[in-house]
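This is my_file.pdb. It holds PDB, C-alpha atoms.
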```pdb
ATOM      1  CA  MET A  24       0.000   0.000   0.000  1.00  0.00           C
ATOM      2  CA  TYR A  25       1.008   3.613  -0.410  1.00  0.00           C
ATOM      3  CA  ASN A  26       2.342   5.420   2.661  1.00  0.00           C
ATOM      4  CA  TYR A  27       3.415   8.713   1.092  1.00  0.00           C
ATOM      5  CA  LEU A  28       1.143  10.521  -1.351  1.00  0.00           C
ATOM      6  CA  THR A  29       1.277  13.812  -3.234  1.00  0.00           C
ATOM      7  CA  VAL A  30      -1.840  15.675  -4.289  1.00  0.00           C
ATOM      8  CA  ASP A  31      -0.879  17.012  -7.714  1.00  0.00           C
ATOM      9  CA  GLY A  32      -3.113  18.829 -10.214  1.00  0.00           C
ATOM     10  CA  TYR A  33      -1.020  18.028 -13.269  1.00  0.00           C
ATOM     11  CA  PHE A  34      -3.615  17.686 -16.004  1.00  0.00           C
ATOM     12  CA  VAL A  35      -2.592  14.270 -17.360  1.00  0.00           C
ATOM     13  CA  GLY A  36      -2.738  12.682 -13.916  1.00  0.00           C
ATOM     14  CA  THR A  37      -5.326  11.365 -11.503  1.00  0.00           C
ATOM     15  CA  GLY A  38      -4.670  13.980  -8.818  1.00  0.00           C
ATOM     16  CA  ILE A  39      -2.715  11.632  -6.535  1.00  0.00           C
ATOM     17  CA  ARG A  40       0.877  10.496  -7.018  1.00  0.00           C
ATOM     18  CA  ASP A  41       3.066   8.052  -5.155  1.00  0.00           C
ATOM     19  CA  SER A  42       5.548  10.372  -3.395  1.00  0.00           C
ATOM     20  CA  VAL A  43       8.239   7.694  -3.268  1.00  0.00           C
ATOM     21  CA  ASP A  44       8.125   5.971  -6.648  1.00  0.00           C
ATOM     22  CA  GLY A  45       6.394   8.715  -8.616  1.00  0.00           C
ATOM     23  CA  GLY A  46       3.604   7.966 -11.010  1.00  0.00           C
ATOM     24  CA  PHE A  47      -0.060   8.732 -10.653  1.00  0.00           C
ATOM     25  CA  ILE A  48      -2.319   6.273  -8.846  1.00  0.00           C
ATOM     26  CA  GLU A  49      -5.854   5.417  -9.913  1.00  0.00           C
ATOM     27  CA  LEU A  50      -8.358   6.772  -7.404  1.00  0.00           C
ATOM     28  CA  GLU A  51     -10.229   3.467  -7.352  1.00  0.00           C
ATOM     29  CA  LEU A  52      -7.282   1.897  -5.516  1.00  0.00           C
ATOM     30  CA  PHE A  53      -8.025   4.009  -2.441  1.00  0.00           C
ATOM     31  CA  SER A  54     -10.715   3.472   0.168  1.00  0.00           C
ATOM     32  CA  ILE A  55     -11.894   7.055   0.052  1.00  0.00           C
ATOM     33  CA  SER A  56     -15.389   8.442  -0.132  1.00  0.00           C
ATOM     34  CA  PRO A  57     -17.118   8.861  -3.493  1.00  0.00           C
ATOM     35  CA  ASP A  58     -17.477  12.575  -2.699  1.00  0.00           C
ATOM     36  CA  LEU A  59     -13.719  12.958  -2.312  1.00  0.00           C
ATOM     37  CA  LYS A  60     -13.068  11.027  -5.527  1.00  0.00           C
ATOM     38  CA  ASP A  61     -15.471  13.330  -7.386  1.00  0.00           C
ATOM     39  CA  LYS A  62     -13.876  16.406  -5.831  1.00  0.00           C
ATOM     40  CA  ILE A  63     -10.419  15.271  -6.966  1.00  0.00           C
ATOM     41  CA  LYS A  64     -11.610  14.520 -10.520  1.00  0.00           C
ATOM     42  CA  LYS A  65     -13.283  17.931 -10.851  1.00  0.00           C
ATOM     43  CA  TRP A  66     -10.207  19.666  -9.440  1.00  0.00           C
ATOM     44  CA  VAL A  67      -7.866  17.933 -11.913  1.00  0.00           C
ATOM     45  CA  PHE A  68     -10.219  18.870 -14.766  1.00  0.00           C
ATOM     46  CA  GLN A  69     -10.157  22.526 -13.687  1.00  0.00           C
ATOM     47  CA  TYR A  70      -6.355  22.421 -13.563  1.00  0.00           C
ATOM     48  CA  GLU A  71      -6.434  21.115 -17.151  1.00  0.00           C
ATOM     49  CA  VAL A  72      -8.648  24.034 -18.192  1.00  0.00           C
ATOM     50  CA  GLU A  73      -6.187  26.471 -16.623  1.00  0.00           C
ATOM     51  CA  HIS A  74      -3.286  24.719 -18.330  1.00  0.00           C
ATOM     52  CA  TYR A  75      -4.859  25.317 -21.735  1.00  0.00           C
ATOM     53  CA  ASN A  76      -5.463  28.946 -20.729  1.00  0.00           C
ATOM     54  CA  ASP A  77      -1.719  29.257 -19.966  1.00  0.00           C
ATOM     55  CA  TYR A  78      -2.508  29.784 -16.273  1.00  0.00           C
ATOM     56  CA  ALA A  79      -3.409  33.363 -17.155  1.00  0.00           C
ATOM     57  CA  ASN A  80      -6.024  33.885 -14.431  1.00  0.00           C
ATOM     58  CA  GLU A  81      -4.240  34.245 -11.098  1.00  0.00           C
ATOM     59  CA  LYS A  82      -7.525  34.205  -9.166  1.00  0.00           C
ATOM     60  CA  ASN A  83      -8.419  30.807 -10.655  1.00  0.00           C
ATOM     61  CA  ILE A  84      -4.987  29.472  -9.692  1.00  0.00           C
ATOM     62  CA  GLU A  85      -5.448  30.704  -6.119  1.00  0.00           C
ATOM     63  CA  THR A  86      -8.859  28.998  -5.998  1.00  0.00           C
ATOM     64  CA  LEU A  87      -7.342  25.756  -7.305  1.00  0.00           C
ATOM     65  CA  ASP A  88      -4.598  25.950  -4.683  1.00  0.00           C
ATOM     66  CA  THR A  89      -7.152  26.445  -1.920  1.00  0.00           C
ATOM     67  CA  GLU A  90      -9.096  23.439  -3.203  1.00  0.00           C
ATOM     68  CA  GLY A  91      -5.890  21.387  -3.508  1.00  0.00           C
ATOM     69  CA  LYS A  92      -4.979  22.066   0.126  1.00  0.00           C
ATOM     70  CA  GLU A  93      -8.493  21.076   1.153  1.00  0.00           C
ATOM     71  CA  ILE A  94      -8.251  17.865  -0.889  1.00  0.00           C
ATOM     72  CA  ALA A  95      -4.927  17.026   0.761  1.00  0.00           C
ATOM     73  CA  MET A  96      -6.408  17.540   4.229  1.00  0.00           C
ATOM     74  CA  LEU A  97      -9.502  15.475   3.393  1.00  0.00           C
ATOM     75  CA  LEU A  98      -7.314  12.723   1.959  1.00  0.00           C
ATOM     76  CA  LYS A  99      -5.214  12.676   5.135  1.00  0.00           C
ATOM     77  CA  LYS A 100      -8.383  12.540   7.214  1.00  0.00           C
ATOM     78  CA  GLU A 101      -9.741   9.552   5.260  1.00  0.00           C
ATOM     79  CA  LEU A 102      -6.399   7.715   4.962  1.00  0.00           C
ATOM     80  CA  ILE A 103      -5.199   8.026   8.540  1.00  0.00           C
ATOM     81  CA  ASN A 104      -1.867   6.194   8.275  1.00  0.00           C
ATOM     82  CA  VAL A 105      -0.761   7.932   5.083  1.00  0.00           C
ATOM     83  CA  LYS A 106       1.463  11.007   4.801  1.00  0.00           C
ATOM     84  CA  VAL A 107       0.161  13.550   2.280  1.00  0.00           C
ATOM     85  CA  LYS A 108       1.832  16.435   0.446  1.00  0.00           C
ATOM     86  CA  TYR A 109       0.178  19.057  -1.723  1.00  0.00           C
ATOM     87  CA  LEU A 110       2.205  20.312  -4.678  1.00  0.00           C
ATOM     88  CA  PHE A 111       0.902  23.823  -5.228  1.00  0.00           C
ATOM     89  CA  GLY A 112       0.983  26.503  -7.861  1.00  0.00           C
ATOM     90  CA  CYS A 113       0.624  26.224 -11.605  1.00  0.00           C
ATOM     91  CA  LYS A 114       4.399  25.845 -11.846  1.00  0.00           C
ATOM     92  CA  PHE A 115       4.320  23.303  -9.007  1.00  0.00           C
ATOM     93  CA  GLU A 116       6.999  25.268  -7.221  1.00  0.00           C
ATOM     94  CA  GLY A 117       6.121  24.559  -3.615  1.00  0.00           C
ATOM     95  CA  ARG A 118       4.547  22.012  -1.355  1.00  0.00           C
ATOM     96  CA  ILE A 119       2.667  21.669   1.885  1.00  0.00           C
ATOM     97  CA  ASP A 120       3.241  18.566   3.999  1.00  0.00           C
ATOM     98  CA  ILE A 121       0.287  17.191   5.947  1.00  0.00           C
ATOM     99  CA  GLY A 122       1.057  14.520   8.504  1.00  0.00           C
ATOM    100  CA  PHE A 123       4.838  14.510   7.967  1.00  0.00           C
ATOM    101  CA  GLU A 124       7.064  14.916  10.986  1.00  0.00           C
ATOM    102  CA  SER A 125       9.239  18.031  10.900  1.00  0.00           C
TER     103      SER A 125
END
```
Could you render the structure from this file as structure tokens?
Amino acid sequence: MYNYLTVDGYFVGTGIRDSVDGGFIELELFSISPDLKDKIKKWVFQYEVEHYNDYANEKNIETLDTEGKEIAMLLKKELINVKVKYLFGCKFEGRIDIGFES
């Protein structure tokens, strides 16, 4: 099973990557709520829309980042023994760790 996950909005992915081995993971492999799965799918789709708009709308990017952080926290809440990171920004230049020891 996966112990370290990254929430990542890259438009060709599923929204969740294996933080150790890389590669996106199909959402169906996780025991998470249908609502969270739908939220992730919609969020990834919106990131794709912004990609094709060259990430021109800063307000949309901020909204996506807020949603991404929320998804990461919800994922951590539903997958208790998993460490979760959120890779934020349209250039994926930063991250927020949720459940990682400092």
query = Separation of atom CA of A:Gly36 and atom CA of A:Lys62, in Å?
reply =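 Separation between atom CA of A:Gly36 and atom CA of A:Lys62: 14.3 Å.
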Exercise: A:Ala95 partners within 12 Å, only C-alpha atoms, chain neighbours under 3 positions left out, as a PyMOL selection string = chain A and resi 27-32+38-40+59-60+62-63+66+88-92+98-103+105-111+118-122
request  = State, in Å with one decimal place, the distance from atom CA of A:Glu81 to atom CA of A:Ile48.
outcome  =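 Atom-to-atom, atom CA of A:Glu81 to atom CA of A:Ile48, that is 28.1 Å.
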query = Suppose you want the space between atom CA of A:Glu49 and atom CA of A:Glu73; what is it in Å?
reply = 22.1 Å
message = When you count all atoms listed in the file, which of these residues is closest to A:Leu87: A:Tyr75, A:Gln69, A:Gly45, A:Val35?
response =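 With all atoms listed in the file as the atom set, the closest residue is A:Gln69.
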query = Quick one: of A:Tyr70, A:Phe34, A:Asn104, A:Phe47, who's nearest to A:Glu85, counting all atoms listed in the file?
reply = A:Tyr70
task = Between A:Ala79, A:Val67, A:Ile84, A:Ile55, single out the one closest to A:Leu97, counting only C-alpha atoms.
result =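 The closest residue to A:Leu97 is A:Ile55.
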query = Using all atoms listed in the file, which of A:Val72, A:Ile94, A:Val43, A:Met24 sits nearest A:Asp58?
reply =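 Once distances to A:Asp58 are computed over all atoms listed in the file, the minimum belongs to A:Ile94.
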Could you put an axis-aligned box around every listed atom of stretch 89-95 of chain A, padded by 5 Å on each side, and send me its centre and edge lengths in Å to one decimal, as JSON?
```
{"center_x": -7.0, "center_y": 21.7, "center_z": -1.2, "size_x": 14.2, "size_y": 19.4, "size_z": 14.7}
```
note = For A:Phe53, the closest of A:Asn26, A:Asn83, A:Tyr78, A:Phe68 counting only C-alpha atoms is A:Asn26
For stretch 84-112 of chain A, supply N, CA and C atoms and format the output as a compact mmCIF listing (two decimals), in the coordinates of the input.
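So selection37.txt came out as:
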```
# COMPACT_ATOMS: atom_id res chain seq x y z
N ILE A 84 -6.09 30.27 -10.24
CA ILE A 84 -4.99 29.47 -9.69
C ILE A 84 -5.05 29.47 -8.16
N GLU A 85 -5.32 30.63 -7.58
CA GLU A 85 -5.45 30.70 -6.12
C GLU A 85 -6.60 29.83 -5.62
N THR A 86 -7.72 29.84 -6.36
CA THR A 86 -8.86 29.00 -6.00
C THR A 86 -8.48 27.52 -6.08
N LEU A 87 -7.78 27.14 -7.15
CA LEU A 87 -7.34 25.76 -7.30
C LEU A 87 -6.39 25.36 -6.19
N ASP A 88 -5.52 26.26 -5.79
CA ASP A 88 -4.60 25.95 -4.68
C ASP A 88 -5.35 25.76 -3.37
N THR A 89 -6.34 26.60 -3.13
CA THR A 89 -7.15 26.44 -1.92
C THR A 89 -7.85 25.09 -1.93
N GLU A 90 -8.42 24.73 -3.08
CA GLU A 90 -9.10 23.44 -3.20
C GLU A 90 -8.10 22.28 -3.06
N GLY A 91 -6.91 22.44 -3.62
CA GLY A 91 -5.89 21.39 -3.51
C GLY A 91 -5.48 21.14 -2.07
N LYS A 92 -5.31 22.22 -1.30
CA LYS A 92 -4.98 22.07 0.13
C LYS A 92 -6.11 21.35 0.86
N GLU A 93 -7.34 21.72 0.52
CA GLU A 93 -8.49 21.08 1.15
C GLU A 93 -8.54 19.59 0.80
N ILE A 94 -8.28 19.27 -0.46
CA ILE A 94 -8.25 17.86 -0.89
C ILE A 94 -7.18 17.09 -0.12
N ALA A 95 -6.01 17.69 0.03
CA ALA A 95 -4.93 17.03 0.76
C ALA A 95 -5.33 16.76 2.21
N MET A 96 -5.98 17.73 2.84
CA MET A 96 -6.41 17.54 4.23
C MET A 96 -7.51 16.48 4.33
N LEU A 97 -8.44 16.48 3.39
CA LEU A 97 -9.50 15.48 3.39
C LEU A 97 -8.92 14.08 3.15
N LEU A 98 -7.96 14.00 2.25
CA LEU A 98 -7.31 12.72 1.96
C LEU A 98 -6.61 12.19 3.21
N LYS A 99 -5.90 13.07 3.89
CA LYS A 99 -5.21 12.68 5.14
C LYS A 99 -6.22 12.22 6.19
N LYS A 100 -7.36 12.90 6.24
CA LYS A 100 -8.38 12.54 7.21
C LYS A 100 -8.97 11.15 6.92
N GLU A 101 -9.15 10.84 5.63
CA GLU A 101 -9.74 9.55 5.26
C GLU A 101 -8.73 8.41 5.24
N LEU A 102 -7.46 8.73 4.99
CA LEU A 102 -6.40 7.72 4.96
C LEU A 102 -5.45 8.01 6.12
N ILE A 103 -5.85 7.61 7.29
CA ILE A 103 -5.20 8.03 8.54
C ILE A 103 -3.70 7.73 8.59
N ASN A 104 -3.27 6.58 8.14
CA ASN A 104 -1.87 6.19 8.28
C ASN A 104 -1.00 6.59 7.09
N VAL A 105 -1.48 7.51 6.28
CA VAL A 105 -0.76 7.93 5.08
C VAL A 105 -0.28 9.37 5.27
N LYS A 106 0.92 9.65 4.81
CA LYS A 106 1.46 11.01 4.80
C LYS A 106 1.09 11.63 3.46
N VAL A 107 0.65 12.89 3.49
CA VAL A 107 0.16 13.55 2.28
C VAL A 107 0.87 14.88 2.09
N LYS A 108 1.27 15.15 0.85
CA LYS A 108 1.83 16.43 0.45
C LYS A 108 0.91 17.05 -0.59
N TYR A 109 0.87 18.36 -0.64
CA TYR A 109 0.18 19.06 -1.72
C TYR A 109 1.20 19.86 -2.50
N LEU A 110 1.30 19.60 -3.79
CA LEU A 110 2.20 20.31 -4.68
C LEU A 110 1.42 21.48 -5.26
N PHE A 111 1.76 22.70 -4.88
CA PHE A 111 0.90 23.82 -5.23
C PHE A 111 1.50 24.75 -6.28
N GLY A 112 0.61 25.52 -6.86
CA GLY A 112 0.98 26.50 -7.86
C GLY A 112 1.02 25.92 -9.25
```
